[in-house]
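> Please see the structure below; I have some questions.
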Amino acid sequence: VGHGPSPSSSTPGAEKREKQYRAHQGFGDHHGGVTGAHTYFYADEAKCDQHMETFLRCIDASSGSSEDGFSAIKLTALARPQFLVRFSEVLVKWQRFFHQMAAEEGQAGRAVLDTKLEVEKLQEVLANLGIASKAESQQWFTGENLGTSGTVDLLDWNSLFDSRTKLSRPLLIPNRKTGQLEPLLSRFSEEEELQMKRVLQRMDVLAKRAMEKGVRLMVDAEQSYFQPAISRLTVETQRCFNRSQPIIYNTYQCYLREAYNNVTGDMELSRREGWHFGTKLVRGAYMEQERERAAQMGYEDPINPTYEKTNEMYHRCLDYVLEEIKHSQKASVMVASHNEDTVKFTLHRMMELGIHPSDKKVCFGQLLGMCDQITFPLGQAGFPVYKYVPYGPVNEVLPYLSRRAQENRGFMQRANRERDLLWKEVKRRLLTGNLFS
């Protein structure tokens, strides 16, 4: 499994490249004590194409080193981050309006898939708000599967998104705080439409190479202000390439309050459309950065309040995926965790549900150089297990690894335990005369 690349000021031509990259303070880079990863704004599409070529080489390398390899890609290297932020804002506003209408019907607090709006009432609301006449909105709900039950859930609502962004006039909704009308969706500019096509084309190239080489492609998760766009683009790629097997894996960060809703929503979409759900579950990598930015910009902290709540969220999401594997066999998960309790939980639930390691529906992943006392016993017991290999300039990779060590609580204690276990094994082999067996 590979991870990267990142631009660096220590490599040849760095001075020239620095003019193409600007770390933006508003996105919570290394300013004011924030310890999150860099956010780069790419000056041209050529750099994104260069990153795509790097990812292609990584796919080739993964293919050459493993029969069932993975390669990781970062969409922030394949698309302009400004566009991902803009696209994410539009998606969030579209979904927020749905939940606002549901709350006004007394459905606040319901599980995301249990929240449904009656089509007739929804059309009345849209007409009363001046968003669309009943005749216009009737055309919205004429899709093959849309509104046939007389209700619309969030997945149905999301499916309306593409056609709504192409309306000749912007949709206006009242801002509940100011009482003023504001655009629900601003139309994408021609340049933004072009960027959308370019990033999907790059993902298409990578996915086709992955299929050709027998490699699965993991799309890394990023900060929450990028993630809605990244998840949407990943799902679009899954729809195309996960028809017969899970080639594309989406990543879900379980320290986010919305993690369970995101997992269950995307899995339900895969059920409805008949493709394979592939996921990597992680706890999350940008907690301090997320909280710093939320405080600075005045929005609700998107992170679970405690580490224990994040553990509960991880196990809840994982259990949901394992149940789907048991019942449909059209889901696969990488348990990307250094947490021994999570690994034990997974093994226990697999045994209860009758999921065998040879099914290769559940695999495990840890960073190279971390928690080998988890990785190697799993591999020896027949479980698919992977080491995640970050790559790039040294001055970029080392800070990345130091952050991973910070984020994994008790890492030093586990390192000491690993050392004690290794020493115990050496002594056992010395006493039995089987030092090299």
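By convention in this document, the chains of the structure tokens carry letters A, B, ... by their order, each chain's residues are numbered from 1, and ligands are numbered from 1 in the order they are shown.
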List every residue of stretch 182-410 of chain A that DSSP, applied to the backbone of this structure, places in alpha helix (DSSP H), and write the result as a VMD selection string.
chain A and resid 190 to 213 227 to 241 259 to 273 287 to 297 307 to 328 340 to 353 372 to 380 394 to 407
> Hey, which bits of stretch 225-271 of chain A sit within 12 Å of stretch 109-120 of chain A, and for each residue what's the closest pair of atoms and how far apart in Å (one decimal), counting only C-alpha atoms, rows by chain and increasing number, as JSON lines?

{"residue": "A:Glu258", "atom": "CA", "partner": "A:Val112", "partner_atom": "CA", "distance": 9.9}
{"residue": "A:Ala259", "atom": "CA", "partner": "A:Val112", "partner_atom": "CA", "distance": 11.4}
{"residue": "A:Tyr260", "atom": "CA", "partner": "A:Val112", "partner_atom": "CA", "distance": 9.3}
{"residue": "A:Asn261", "atom": "CA", "partner": "A:Val112", "partner_atom": "CA", "distance": 6.1}
{"residue": "A:Asn262", "atom": "CA", "partner": "A:Val112", "partner_atom": "CA", "distance": 8.9}
{"residue": "A:Val263", "atom": "CA", "partner": "A:Val112", "partner_atom": "CA", "distance": 10.6}
{"residue": "A:Thr264", "atom": "CA", "partner": "A:Leu113", "partner_atom": "CA", "distance": 7.8}
{"residue": "A:Gly265", "atom": "CA", "partner": "A:Leu113", "partner_atom": "CA", "distance": 6.8}
{"residue": "A:Asp266", "atom": "CA", "partner": "A:Leu113", "partner_atom": "CA", "distance": 10.4}
{"residue": "A:Met267", "atom": "CA", "partner": "A:Leu113", "partner_atom": "CA", "distance": 10.8}
{"residue": "A:Glu268", "atom": "CA", "partner": "A:Leu113", "partner_atom": "CA", "distance": 8.4}
{"residue": "A:Leu269", "atom": "CA", "partner": "A:Leu113", "partner_atom": "CA", "distance": 10.5}
> Dump C-alpha atoms for the selected residues as a compact mmCIF listing (two decimals), in the first residue's frame?

# COMPACT_ATOMS: atom_id res chain seq x y z
CA GLU A 258 -21.46 11.80 10.90
CA ALA A 259 -19.40 8.66 10.24
CA TYR A 260 -22.22 6.15 10.80
CA ASN A 261 -24.65 8.14 8.65
CA ASN A 262 -22.04 8.32 5.89
CA VAL A 263 -21.33 4.57 5.99
CA THR A 264 -24.97 3.49 6.11
CA GLY A 265 -26.02 5.96 3.43
CA ASP A 266 -23.37 4.89 0.94
CA MET A 267 -23.96 1.21 1.64
CA GLU A 268 -27.70 1.60 1.06
CA LEU A 269 -26.93 3.31 -2.25
> Within 12 Å of stretch 387-406 of chain A, which residues of stretch 258-308 of chain A show up? Give each one with its shortest atom-to-atom distance in Å (one decimal) and the two atoms involved, counting only C-alpha atoms, rows by chain then rising residue number, as a Markdown table.

| residue | atom | partner | partner_atom | distance |
| --- | --- | --- | --- | --- |
| A:Val282 | CA | A:Arg404 | CA | 11.8 |
| A:Arg283 | CA | A:Arg404 | CA | 11.0 |
| A:Gly284 | CA | A:Arg404 | CA | 9.7 |
| A:Ala285 | CA | A:Arg404 | CA | 7.3 |
| A:Tyr286 | CA | A:Arg403 | CA | 9.1 |
| A:Met287 | CA | A:Arg403 | CA | 10.7 |
| A:Glu288 | CA | A:Arg403 | CA | 10.5 |
| A:Gln289 | CA | A:Arg403 | CA | 11.5 |
> Within 9 Å of A:Gln50, counting only C-alpha atoms, which residues qualify if same-chain residues fewer than 5 places away don't, as a list in words?
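My list of contacting residues is Glu45, Phe55 and Leu78 of chain A.
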> Output N, CA and C atoms for every residue in that selection, as an mmCIF file, in the first residue's frame.

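Okay, selection_10.cif is ready:
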data_model
loop_
_atom_site.group_PDB
_atom_site.id
_atom_site.type_symbol
_atom_site.label_atom_id
_atom_site.label_comp_id
_atom_site.auth_asym_id
_atom_site.auth_seq_id
_atom_site.Cartn_x
_atom_site.Cartn_y
_atom_site.Cartn_z
ATOM 1 N N GLU A 45 -3.200 22.555 -13.761
ATOM 2 C CA GLU A 45 -3.653 21.171 -13.894
ATOM 3 C C GLU A 45 -2.505 20.223 -14.210
ATOM 4 N N PHE A 55 0.898 8.101 -9.117
ATOM 5 C CA PHE A 55 -0.019 7.078 -8.621
ATOM 6 C C PHE A 55 -0.059 5.864 -9.550
ATOM 7 N N LEU A 78 -5.144 15.237 -7.020
ATOM 8 C CA LEU A 78 -5.691 15.068 -8.370
ATOM 9 C C LEU A 78 -6.670 16.161 -8.762
#
> Would you return as number ranges by chain the members of stretch 94-314 of chain A that DSSP assigns to strand (DSSP E) on this structure's backbone?
A: 116-118, 151-153, 171-174, 181-185, 216-219, 248-253, 277-282
> Which is closer to A:Val152 than all the others in A:Ala331, A:Cys363, A:Leu122, A:Leu129, using only C-alpha atoms?
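Among the listed residues, A:Leu122 lies closest to A:Val152.
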> Could you give me, as an mmCIF file with N, CA and C atoms, in the first residue's frame, the residues within 12 Å of A:Gly379, counting only C-alpha atoms and dropping anything in the same chain fewer than 4 positions from it?

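Full text of result-v8.cif as output:
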data_model
loop_
_atom_site.group_PDB
_atom_site.id
_atom_site.type_symbol
_atom_site.label_atom_id
_atom_site.label_comp_id
_atom_site.auth_asym_id
_atom_site.auth_seq_id
_atom_site.Cartn_x
_atom_site.Cartn_y
_atom_site.Cartn_z
ATOM 1 N N PRO A 357 -11.462 -16.044 7.200
ATOM 2 C CA PRO A 357 -10.374 -15.252 6.596
ATOM 3 C C PRO A 357 -10.189 -15.507 5.107
ATOM 4 N N SER A 358 -10.398 -16.759 4.689
ATOM 5 C CA SER A 358 -10.199 -17.105 3.276
ATOM 6 C C SER A 358 -11.235 -16.449 2.365
ATOM 7 N N CYS A 363 -9.966 -7.437 5.684
ATOM 8 C CA CYS A 363 -8.511 -7.410 5.780
ATOM 9 C C CYS A 363 -8.111 -6.344 6.795
ATOM 10 N N PHE A 364 -6.865 -6.377 7.182
ATOM 11 C CA PHE A 364 -6.357 -5.486 8.213
ATOM 12 C C PHE A 364 -5.188 -4.682 7.664
ATOM 13 N N GLY A 365 -4.958 -3.515 8.237
ATOM 14 C CA GLY A 365 -3.849 -2.684 7.781
ATOM 15 C C GLY A 365 -3.247 -1.890 8.919
ATOM 16 N N GLN A 366 -1.919 -1.853 8.959
ATOM 17 C CA GLN A 366 -1.185 -1.001 9.901
ATOM 18 C C GLN A 366 -0.046 -0.316 9.158
ATOM 19 N N ASP A 372 3.826 -4.180 14.757
ATOM 20 C CA ASP A 372 4.094 -5.476 14.123
ATOM 21 C C ASP A 372 3.572 -6.629 14.968
ATOM 22 N N GLN A 373 3.410 -6.400 16.285
ATOM 23 C CA GLN A 373 2.868 -7.458 17.144
ATOM 24 C C GLN A 373 1.406 -7.742 16.818
ATOM 25 N N ILE A 374 0.766 -6.849 16.081
ATOM 26 C CA ILE A 374 -0.588 -7.097 15.575
ATOM 27 C C ILE A 374 -0.530 -7.670 14.169
ATOM 28 N N THR A 375 0.312 -7.074 13.329
ATOM 29 C CA THR A 375 0.344 -7.424 11.912
ATOM 30 C C THR A 375 0.751 -8.873 11.676
ATOM 31 N N PHE A 383 -5.063 -14.347 7.994
ATOM 32 C CA PHE A 383 -5.872 -13.173 7.663
ATOM 33 C C PHE A 383 -5.132 -12.293 6.658
ATOM 34 N N PRO A 384 -5.841 -11.732 5.674
ATOM 35 C CA PRO A 384 -5.200 -10.773 4.768
ATOM 36 C C PRO A 384 -4.798 -9.529 5.562
ATOM 37 N N VAL A 385 -3.528 -9.198 5.556
ATOM 38 C CA VAL A 385 -3.048 -8.065 6.346
ATOM 39 C C VAL A 385 -2.012 -7.299 5.533
ATOM 40 N N TYR A 386 -2.037 -5.983 5.639
ATOM 41 C CA TYR A 386 -1.209 -5.114 4.802
ATOM 42 C C TYR A 386 -0.468 -4.107 5.660
ATOM 43 N N LYS A 387 0.703 -3.718 5.172
ATOM 44 C CA LYS A 387 1.451 -2.626 5.774
ATOM 45 C C LYS A 387 1.336 -1.415 4.848
#
